[in-house]
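*Asks:* Mind having a look at this structure? Questions to follow.
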Amino acid sequence: MKSGKIYKTYLELYRKHGDPVSLWPQWCAKEKDAALREIIAIGAIMTQRTSWRNANLALKNLKKENLLSLNKIAALADLKKLTELTKPAGFYQTKPKRLFILASFIVKECKSLKNLGKENLETARNKLLDLYGIGPETADTILLYALDKPTFVIDEYTKRLVKRMRFSDDFNYDNLKQLFEENLPKDITVFQKLHALIIIEQKGKKHSLMEVV
DNA sequence: ACCCAGGTGGCCC
DNA sequence: GGGCCACATGGG
């Protein structure tokens with residue numbers, strides 16, 4: 001493809017919508033940095049094929065029970081409580097299990113999210129992809145937003161943009177990811193902001209998770 | 001009574 | 001290895 005089209009789109013979206021501060025709920029902004037990164041990792045699972053509104057209900061339930069923490073989730077004896085609290089996010093047979101597996105991996109194998117972030121990007125990505133319930137989009141969301149790694153997230157919104165703008169007719173996840181990464185400055189804030197702007201462009205700010213409190 | 005929402009893993013061929 | 005399909009809740 002003609003180089004620069006993707007970056008130009010970023011600049012246009014930025015001019016149109018302004019700085020996309022955060023896709024995460026307002027109440028998350030009050031969290032401390034390390035806690036916010038954990039919420040993002042947990043939220044990445046809760047939002048799988050689920051409206052942000054419902055994902056946010058699950059996050060708020062976890063917060064109310066003081067379980068919005070990888071350490072606390074990993075320490076649970078069974079999935080009963082997780083199942084009950086995350087029910088609004090749907091898929092109650094799989095999401096609690098996925099969440100527990102992710103939390104256990106971070107706590108037991110890595111010791112902390114921060115430690116996972118010290119790994120090389122590809123190593124960390126492959127470790128996440130090896131976990132049950134973590135596919136490329138969830139892995140990249142965690143890497144980009146919770147670990148500040150330069151990896152581009154491809155979701156349904158991004159695919160629709162690619163289709164509409166005719167950036168590519170190959171919708172393979174890794175190929176699309178590579179296309180964006182090759183046509184953008186290797187700058188995590190650009191990756192983060194473009195992904196957010198793509199969503200705002202298509203849904204409108206009023207529907208974003210940010211507004212759901 | 002439909003349809004859809006930050007996907008993923010398990011089938012099938 | 002690509003193409004379907006089930007999975008579940010809450011809102012329009």
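Residue numbers start at 1 in each chain; chains themselves are named A, B, ... in the order of the structure tokens; ligands are numbered from 1 in the order shown.
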Where in segment 47-199 of chain A does DSSP assign alpha helix (DSSP H), given as an mmCIF file with N, CA and C atoms, in the first residue's frame?

*Replies:*
data_model
loop_
_atom_site.group_PDB
_atom_site.id
_atom_site.type_symbol
_atom_site.label_atom_id
_atom_site.label_comp_id
_atom_site.auth_asym_id
_atom_site.auth_seq_id
_atom_site.Cartn_x
_atom_site.Cartn_y
_atom_site.Cartn_z
ATOM 1 N N TRP A 52 -18.917 -2.882 26.279
ATOM 2 C CA TRP A 52 -18.135 -2.288 27.370
ATOM 3 C C TRP A 52 -18.998 -2.055 28.585
ATOM 4 N N ARG A 53 -20.271 -1.776 28.355
ATOM 5 C CA ARG A 53 -21.173 -1.564 29.475
ATOM 6 C C ARG A 53 -21.205 -2.805 30.370
ATOM 7 N N ASN A 54 -21.387 -3.961 29.757
ATOM 8 C CA ASN A 54 -21.454 -5.197 30.529
ATOM 9 C C ASN A 54 -20.110 -5.545 31.145
ATOM 10 N N ALA A 55 -19.034 -5.304 30.417
ATOM 11 C CA ALA A 55 -17.703 -5.557 30.970
ATOM 12 C C ALA A 55 -17.470 -4.681 32.197
ATOM 13 N N ASN A 56 -17.934 -3.443 32.104
ATOM 14 C CA ASN A 56 -17.752 -2.515 33.222
ATOM 15 C C ASN A 56 -18.558 -2.939 34.435
ATOM 16 N N LEU A 57 -19.747 -3.521 34.228
ATOM 17 C CA LEU A 57 -20.533 -4.027 35.355
ATOM 18 C C LEU A 57 -19.741 -5.105 36.092
ATOM 19 N N ALA A 58 -19.079 -5.971 35.327
ATOM 20 C CA ALA A 58 -18.267 -7.026 35.940
ATOM 21 C C ALA A 58 -17.094 -6.421 36.710
ATOM 22 N N LEU A 59 -16.424 -5.432 36.115
ATOM 23 C CA LEU A 59 -15.288 -4.797 36.800
ATOM 24 C C LEU A 59 -15.736 -4.138 38.104
ATOM 25 N N LYS A 60 -16.888 -3.485 38.039
ATOM 26 C CA LYS A 60 -17.371 -2.818 39.251
ATOM 27 C C LYS A 60 -17.750 -3.831 40.332
ATOM 28 N N ASN A 61 -18.318 -4.951 39.922
ATOM 29 C CA ASN A 61 -18.609 -6.017 40.891
ATOM 30 C C ASN A 61 -17.330 -6.505 41.549
ATOM 31 N N LEU A 62 -16.288 -6.698 40.740
ATOM 32 C CA LEU A 62 -15.008 -7.164 41.290
ATOM 33 C C LEU A 62 -14.441 -6.127 42.255
ATOM 34 N N LYS A 63 -14.550 -4.871 41.867
ATOM 35 C CA LYS A 63 -14.009 -3.800 42.715
ATOM 36 C C LYS A 63 -14.734 -3.755 44.067
ATOM 37 N N LYS A 64 -16.043 -3.892 43.995
ATOM 38 C CA LYS A 64 -16.865 -3.833 45.211
ATOM 39 C C LYS A 64 -16.459 -4.937 46.189
ATOM 40 N N LEU A 70 -4.834 -8.902 40.606
ATOM 41 C CA LEU A 70 -4.357 -10.196 40.111
ATOM 42 C C LEU A 70 -3.950 -11.099 41.266
ATOM 43 N N ASN A 71 -3.310 -10.520 42.281
ATOM 44 C CA ASN A 71 -2.922 -11.316 43.443
ATOM 45 C C ASN A 71 -4.117 -11.944 44.124
ATOM 46 N N LYS A 72 -5.159 -11.139 44.306
ATOM 47 C CA LYS A 72 -6.333 -11.649 45.019
ATOM 48 C C LYS A 72 -7.090 -12.673 44.185
ATOM 49 N N ILE A 73 -7.136 -12.444 42.884
ATOM 50 C CA ILE A 73 -7.813 -13.416 42.019
ATOM 51 C C ILE A 73 -7.045 -14.735 42.017
ATOM 52 N N ALA A 74 -5.721 -14.636 41.927
ATOM 53 C CA ALA A 74 -4.900 -15.855 41.878
ATOM 54 C C ALA A 74 -4.986 -16.643 43.176
ATOM 55 N N LYS A 80 -16.134 -19.876 42.127
ATOM 56 C CA LYS A 80 -17.528 -19.534 42.423
ATOM 57 C C LYS A 80 -17.767 -18.032 42.474
ATOM 58 N N LYS A 81 -16.907 -17.356 43.233
ATOM 59 C CA LYS A 81 -17.086 -15.920 43.412
ATOM 60 C C LYS A 81 -16.851 -15.161 42.107
ATOM 61 N N LEU A 82 -15.804 -15.548 41.375
ATOM 62 C CA LEU A 82 -15.523 -14.903 40.090
ATOM 63 C C LEU A 82 -16.694 -15.081 39.133
ATOM 64 N N THR A 83 -17.243 -16.275 39.121
ATOM 65 C CA THR A 83 -18.361 -16.568 38.224
ATOM 66 C C THR A 83 -19.547 -15.664 38.525
ATOM 67 N N GLU A 84 -19.827 -15.533 39.816
ATOM 68 C CA GLU A 84 -20.959 -14.718 40.236
ATOM 69 C C GLU A 84 -20.726 -13.240 39.889
ATOM 70 N N LEU A 85 -19.527 -12.748 40.175
ATOM 71 C CA LEU A 85 -19.259 -11.313 40.008
ATOM 72 C C LEU A 85 -19.114 -10.902 38.548
ATOM 73 N N LYS A 95 -15.038 -17.112 31.010
ATOM 74 C CA LYS A 95 -14.301 -15.919 31.433
ATOM 75 C C LYS A 95 -13.681 -16.026 32.828
ATOM 76 N N PRO A 96 -14.401 -16.539 33.827
ATOM 77 C CA PRO A 96 -13.772 -16.671 35.146
ATOM 78 C C PRO A 96 -12.524 -17.559 35.073
ATOM 79 N N LYS A 97 -12.611 -18.626 34.307
ATOM 80 C CA LYS A 97 -11.474 -19.536 34.152
ATOM 81 C C LYS A 97 -10.304 -18.810 33.491
ATOM 82 N N ARG A 98 -10.599 -18.070 32.426
ATOM 83 C CA ARG A 98 -9.554 -17.321 31.724
ATOM 84 C C ARG A 98 -8.898 -16.304 32.642
ATOM 85 N N LEU A 99 -9.727 -15.634 33.420
ATOM 86 C CA LEU A 99 -9.220 -14.615 34.335
ATOM 87 C C LEU A 99 -8.311 -15.240 35.390
ATOM 88 N N PHE A 100 -8.752 -16.363 35.928
ATOM 89 C CA PHE A 100 -7.961 -17.038 36.962
ATOM 90 C C PHE A 100 -6.635 -17.539 36.394
ATOM 91 N N ILE A 101 -6.685 -18.075 35.184
ATOM 92 C CA ILE A 101 -5.458 -18.584 34.556
ATOM 93 C C ILE A 101 -4.479 -17.442 34.297
ATOM 94 N N LEU A 102 -4.991 -16.318 33.806
ATOM 95 C CA LEU A 102 -4.116 -15.162 33.567
ATOM 96 C C LEU A 102 -3.508 -14.659 34.881
ATOM 97 N N ALA A 103 -4.362 -14.504 35.900
ATOM 98 C CA ALA A 103 -3.877 -13.995 37.194
ATOM 99 C C ALA A 103 -2.841 -14.950 37.782
ATOM 100 N N SER A 104 -3.090 -16.243 37.706
ATOM 101 C CA SER A 104 -2.147 -17.225 38.252
ATOM 102 C C SER A 104 -0.820 -17.175 37.515
ATOM 103 N N LEU A 113 2.971 -8.096 37.093
ATOM 104 C CA LEU A 113 2.798 -7.587 35.729
ATOM 105 C C LEU A 113 4.062 -6.871 35.277
ATOM 106 N N LYS A 114 4.629 -6.109 36.203
ATOM 107 C CA LYS A 114 5.824 -5.321 35.892
ATOM 108 C C LYS A 114 6.965 -6.223 35.429
ATOM 109 N N ASN A 115 7.090 -7.367 36.079
ATOM 110 C CA ASN A 115 8.134 -8.318 35.687
ATOM 111 C C ASN A 115 7.906 -8.851 34.281
ATOM 112 N N LEU A 116 6.639 -9.142 33.968
ATOM 113 C CA LEU A 116 6.341 -9.608 32.611
ATOM 114 C C LEU A 116 6.744 -8.536 31.600
ATOM 115 N N GLY A 117 6.547 -7.274 32.004
ATOM 116 C CA GLY A 117 6.887 -6.159 31.132
ATOM 117 C C GLY A 117 8.376 -6.024 30.882
ATOM 118 N N LYS A 118 9.177 -6.645 31.723
ATOM 119 C CA LYS A 118 10.630 -6.576 31.527
ATOM 120 C C LYS A 118 11.092 -7.520 30.433
ATOM 121 N N LEU A 121 9.394 -8.060 23.995
ATOM 122 C CA LEU A 121 8.000 -8.034 23.517
ATOM 123 C C LEU A 121 7.518 -9.381 22.978
ATOM 124 N N GLU A 122 8.285 -9.982 22.088
ATOM 125 C CA GLU A 122 7.836 -11.235 21.482
ATOM 126 C C GLU A 122 7.750 -12.366 22.510
ATOM 127 N N THR A 123 8.689 -12.387 23.429
ATOM 128 C CA THR A 123 8.667 -13.406 24.487
ATOM 129 C C THR A 123 7.412 -13.255 25.335
ATOM 130 N N ALA A 124 7.150 -12.024 25.773
ATOM 131 C CA ALA A 124 5.974 -11.775 26.605
ATOM 132 C C ALA A 124 4.701 -12.100 25.823
ATOM 133 N N ARG A 125 4.668 -11.730 24.551
ATOM 134 C CA ARG A 125 3.480 -11.976 23.722
ATOM 135 C C ARG A 125 3.231 -13.474 23.584
ATOM 136 N N ASN A 126 4.283 -14.231 23.311
ATOM 137 C CA ASN A 126 4.117 -15.672 23.162
ATOM 138 C C ASN A 126 3.675 -16.334 24.461
ATOM 139 N N LYS A 127 4.190 -15.848 25.575
ATOM 140 C CA LYS A 127 3.761 -16.407 26.865
ATOM 141 C C LYS A 127 2.281 -16.159 27.094
ATOM 142 N N LEU A 128 1.824 -14.956 26.763
ATOM 143 C CA LEU A 128 0.397 -14.656 26.925
ATOM 144 C C LEU A 128 -0.441 -15.505 25.980
ATOM 145 N N LEU A 129 0.021 -15.655 24.742
ATOM 146 C CA LEU A 129 -0.743 -16.427 23.749
ATOM 147 C C LEU A 129 -0.836 -17.903 24.118
ATOM 148 N N PRO A 136 -4.763 -13.246 20.170
ATOM 149 C CA PRO A 136 -3.912 -12.116 19.782
ATOM 150 C C PRO A 136 -4.442 -10.761 20.232
ATOM 151 N N GLU A 137 -5.754 -10.542 20.140
ATOM 152 C CA GLU A 137 -6.246 -9.210 20.511
ATOM 153 C C GLU A 137 -6.103 -8.947 22.007
ATOM 154 N N THR A 138 -6.449 -9.930 22.812
ATOM 155 C CA THR A 138 -6.328 -9.765 24.258
ATOM 156 C C THR A 138 -4.861 -9.609 24.651
ATOM 157 N N ALA A 139 -3.993 -10.408 24.048
ATOM 158 C CA ALA A 139 -2.555 -10.311 24.349
ATOM 159 C C ALA A 139 -2.040 -8.922 23.993
ATOM 160 N N ASP A 140 -2.389 -8.441 22.805
ATOM 161 C CA ASP A 140 -1.883 -7.135 22.383
ATOM 162 C C ASP A 140 -2.469 -6.004 23.210
ATOM 163 N N THR A 141 -3.730 -6.142 23.634
ATOM 164 C CA THR A 141 -4.322 -5.127 24.505
ATOM 165 C C THR A 141 -3.547 -5.030 25.813
ATOM 166 N N GLU A 156 -12.279 -5.542 15.825
ATOM 167 C CA GLU A 156 -13.302 -5.433 14.792
ATOM 168 C C GLU A 156 -13.378 -4.020 14.219
ATOM 169 N N TYR A 157 -13.227 -3.036 15.085
ATOM 170 C CA TYR A 157 -13.280 -1.647 14.608
ATOM 171 C C TYR A 157 -12.156 -1.371 13.624
ATOM 172 N N THR A 158 -10.982 -1.869 13.955
ATOM 173 C CA THR A 158 -9.826 -1.653 13.082
ATOM 174 C C THR A 158 -10.050 -2.340 11.735
ATOM 175 N N LYS A 159 -10.595 -3.547 11.782
ATOM 176 C CA LYS A 159 -10.858 -4.260 10.527
ATOM 177 C C LYS A 159 -11.872 -3.511 9.666
ATOM 178 N N ARG A 160 -12.898 -2.962 10.319
ATOM 179 C CA ARG A 160 -13.894 -2.195 9.558
ATOM 180 C C ARG A 160 -13.266 -0.964 8.925
ATOM 181 N N LEU A 161 -12.365 -0.318 9.680
ATOM 182 C CA LEU A 161 -11.667 0.854 9.126
ATOM 183 C C LEU A 161 -10.818 0.449 7.923
ATOM 184 N N VAL A 162 -10.118 -0.657 8.049
ATOM 185 C CA VAL A 162 -9.265 -1.148 6.960
ATOM 186 C C VAL A 162 -10.107 -1.430 5.721
ATOM 187 N N LYS A 163 -11.269 -2.016 5.956
ATOM 188 C CA LYS A 163 -12.158 -2.342 4.839
ATOM 189 C C LYS A 163 -12.664 -1.069 4.172
ATOM 190 N N ARG A 164 -13.121 -0.131 5.018
ATOM 191 C CA ARG A 164 -13.691 1.100 4.489
ATOM 192 C C ARG A 164 -12.648 1.943 3.749
ATOM 193 N N MET A 165 -11.449 1.994 4.324
ATOM 194 C CA MET A 165 -10.382 2.818 3.735
ATOM 195 C C MET A 165 -9.591 2.045 2.687
ATOM 196 N N TYR A 173 -4.906 -11.545 11.132
ATOM 197 C CA TYR A 173 -4.569 -10.687 12.275
ATOM 198 C C TYR A 173 -3.124 -10.193 12.225
ATOM 199 N N ASP A 174 -2.202 -11.116 12.113
ATOM 200 C CA ASP A 174 -0.788 -10.732 12.192
ATOM 201 C C ASP A 174 -0.364 -9.854 11.024
ATOM 202 N N ASN A 175 -0.938 -10.108 9.852
ATOM 203 C CA ASN A 175 -0.598 -9.273 8.694
ATOM 204 C C ASN A 175 -1.110 -7.847 8.869
ATOM 205 N N LEU A 176 -2.340 -7.711 9.417
ATOM 206 C CA LEU A 176 -2.874 -6.373 9.657
ATOM 207 C C LEU A 176 -2.050 -5.645 10.712
ATOM 208 N N LYS A 177 -1.706 -6.355 11.750
ATOM 209 C CA LYS A 177 -0.883 -5.774 12.825
ATOM 210 C C LYS A 177 0.435 -5.260 12.252
ATOM 211 N N GLN A 178 1.041 -6.073 11.414
ATOM 212 C CA GLN A 178 2.317 -5.683 10.796
ATOM 213 C C GLN A 178 2.127 -4.455 9.897
ATOM 214 N N LEU A 179 1.009 -4.438 9.162
ATOM 215 C CA LEU A 179 0.725 -3.309 8.273
ATOM 216 C C LEU A 179 0.675 -1.994 9.045
ATOM 217 N N PHE A 180 -0.031 -1.989 10.176
ATOM 218 C CA PHE A 180 -0.126 -0.771 10.988
ATOM 219 C C PHE A 180 1.228 -0.414 11.583
ATOM 220 N N GLU A 181 1.923 -1.408 12.094
ATOM 221 C CA GLU A 181 3.202 -1.124 12.754
ATOM 222 C C GLU A 181 4.224 -0.579 11.771
ATOM 223 N N GLU A 182 4.187 -1.078 10.546
ATOM 224 C CA GLU A 182 5.150 -0.612 9.537
ATOM 225 C C GLU A 182 4.834 0.780 9.021
ATOM 226 N N ILE A 188 4.615 4.087 21.265
ATOM 227 C CA ILE A 188 3.453 3.475 21.919
ATOM 228 C C ILE A 188 2.293 4.448 22.077
ATOM 229 N N THR A 189 2.579 5.742 22.253
ATOM 230 C CA THR A 189 1.445 6.653 22.430
ATOM 231 C C THR A 189 0.658 6.777 21.122
ATOM 232 N N VAL A 190 1.350 6.705 19.976
ATOM 233 C CA VAL A 190 0.633 6.734 18.698
ATOM 234 C C VAL A 190 -0.208 5.461 18.548
ATOM 235 N N PHE A 191 0.378 4.312 18.889
ATOM 236 C CA PHE A 191 -0.371 3.044 18.812
ATOM 237 C C PHE A 191 -1.607 3.111 19.711
ATOM 238 N N GLN A 192 -1.410 3.579 20.935
ATOM 239 C CA GLN A 192 -2.528 3.636 21.886
ATOM 240 C C GLN A 192 -3.605 4.597 21.417
ATOM 241 N N LYS A 193 -3.171 5.755 20.973
ATOM 242 C CA LYS A 193 -4.143 6.791 20.611
ATOM 243 C C LYS A 193 -4.874 6.464 19.316
ATOM 244 N N LEU A 194 -4.169 5.901 18.343
ATOM 245 C CA LEU A 194 -4.855 5.559 17.086
ATOM 246 C C LEU A 194 -5.934 4.504 17.331
ATOM 247 N N HIS A 195 -5.592 3.500 18.097
ATOM 248 C CA HIS A 195 -6.581 2.458 18.389
ATOM 249 C C HIS A 195 -7.815 3.056 19.061
ATOM 250 N N ALA A 196 -7.565 3.955 20.023
ATOM 251 C CA ALA A 196 -8.684 4.617 20.709
ATOM 252 C C ALA A 196 -9.475 5.486 19.733
ATOM 253 N N LEU A 197 -8.782 6.210 18.867
ATOM 254 C CA LEU A 197 -9.457 7.109 17.918
ATOM 255 C C LEU A 197 -10.310 6.337 16.919
ATOM 256 N N ILE A 198 -9.832 5.159 16.526
ATOM 257 C CA ILE A 198 -10.606 4.331 15.585
ATOM 258 C C ILE A 198 -11.951 3.971 16.204
ATOM 259 N N ILE A 199 -11.932 3.650 17.488
ATOM 260 C CA ILE A 199 -13.163 3.286 18.178
ATOM 261 C C ILE A 199 -14.074 4.502 18.331
#

*Asks:* Can you tell me, as a list of chain:residue names, what residues are no more than 9 Å from DT9 of chain C when counting only C-alpha atoms (C1' of nucleotides), ignoring any on the same chain fewer than 4 positions away?

*Replies:*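 Listing them by chain and then by number gives A:Thr50, A:Asn54, A:Lys87, A:Pro88, A:Ala89, A:Gly90, A:Phe91, A:Tyr92.
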
*Asks:* Store the residues picked out above, limited to N, CA and C atoms, as an mmCIF file, in the first residue's frame.

*Replies:*
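Saved file selection.cif follows:
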data_model
loop_
_atom_site.group_PDB
_atom_site.id
_atom_site.type_symbol
_atom_site.label_atom_id
_atom_site.label_comp_id
_atom_site.auth_asym_id
_atom_site.auth_seq_id
_atom_site.Cartn_x
_atom_site.Cartn_y
_atom_site.Cartn_z
ATOM 1 N N THR A 50 -17.951 -8.613 24.064
ATOM 2 C CA THR A 50 -18.917 -8.152 25.048
ATOM 3 C C THR A 50 -18.945 -6.632 25.038
ATOM 4 N N ASN A 54 -21.387 -3.961 29.757
ATOM 5 C CA ASN A 54 -21.454 -5.197 30.529
ATOM 6 C C ASN A 54 -20.110 -5.545 31.145
ATOM 7 N N LYS A 87 -20.590 -12.300 35.988
ATOM 8 C CA LYS A 87 -21.736 -12.752 35.190
ATOM 9 C C LYS A 87 -22.231 -11.722 34.167
ATOM 10 N N PRO A 88 -22.322 -10.427 34.527
ATOM 11 C CA PRO A 88 -22.821 -9.460 33.539
ATOM 12 C C PRO A 88 -21.979 -9.411 32.265
ATOM 13 N N ALA A 89 -20.732 -9.823 32.332
ATOM 14 C CA ALA A 89 -19.877 -9.795 31.138
ATOM 15 C C ALA A 89 -20.126 -11.004 30.238
ATOM 16 N N GLY A 90 -21.018 -11.883 30.650
ATOM 17 C CA GLY A 90 -21.358 -13.031 29.817
ATOM 18 C C GLY A 90 -20.309 -14.123 29.827
ATOM 19 N N PHE A 91 -20.578 -15.213 29.119
ATOM 20 C CA PHE A 91 -19.634 -16.335 28.992
ATOM 21 C C PHE A 91 -19.119 -16.796 30.360
ATOM 22 N N TYR A 92 -20.046 -17.011 31.284
ATOM 23 C CA TYR A 92 -19.627 -17.285 32.665
ATOM 24 C C TYR A 92 -18.927 -18.622 32.826
#

*Asks:* With only C-alpha atoms (C1' of nucleotides) counted and 8 Å as the cut-off, give the residues of chain C in contact with chain A, each with its shortest interatomic distance in Å and the pair that gives it, as a Markdown table.

*Replies:*
| residue | atom | partner | partner_atom | distance |
| --- | --- | --- | --- | --- |
| C:DC7 | C1' | A:Phe91 | CA | 5.8 |
| C:DA8 | C1' | A:Gly90 | CA | 4.3 |
| C:DT9 | C1' | A:Gly90 | CA | 4.3 |
| C:DG10 | C1' | A:Asn54 | CA | 6.8 |

*Asks:* Write out the residues from the selection above, keeping C-alpha atoms (C1' of nucleotides), as a compact mmCIF listing (two decimals), in the first residue's frame.

*Replies:*
# COMPACT_ATOMS: atom_id res chain seq x y z
C1' DC C 7 -20.36 -19.45 24.13
C1' DA C 8 -24.01 -15.68 27.67
C1' DT C 9 -25.27 -11.34 29.38
C1' DG C 10 -27.88 -6.84 28.98

*Asks:* Near DG6 of chain B, within 7 Å and counting only C-alpha atoms (C1' of nucleotides), which residues show up once chain neighbours fewer than 6 positions away are dropped, as an MDAnalysis selection string?

*Replies:* chainID A and resid 47:49 155

*Asks:* Quick check, in Å to one decimal: how far apart do atom CA of His17 of chain A and atom CA of Glu201 of chain A lie?

*Replies:* 7.6 Å

*Asks:* With distances taken over only C-alpha atoms (C1' of nucleotides), which residue among A:Asn66, A:Gly43, A:Asp33, A:Glu12 lies nearest chain B?

*Replies:*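 The shortest atom-to-atom distance to chain B comes from A:Gly43.
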
*Asks:* Report, in Å with one decimal, the straight-line distance from atom CA of Gly135 of chain A to atom C1' of DT8 of chain B.

*Replies:*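 Distance reported for this atom pair: 6.2 Å.
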
*Asks:* How far is it from atom CA of Pro20 of chain A to atom CA of Phe171 of chain A, in Å with one decimal?

*Replies:* 25.6 Å

*Asks:* So that I can check the surroundings of DG2 of chain C, please list as an MDAnalysis selection string every protein, DNA and RNA residue that reaches within 12 Å of it, counting only C-alpha atoms (C1' of nucleotides) and ignoring chain neighbours fewer than 3 positions away.

*Replies:* (chainID A and resid 171:172) or (chainID B and resid 12:13)

*Asks:* Using only C-alpha atoms (C1' of nucleotides), determine which residues lie at most 10 Å from DC11 of chain B, disregarding the query and same-chain residues fewer than 2 positions distant; provide the list as a PyMOL selection string.

*Replies:* (chain B and resi 9) or (chain C and resi 4-5)
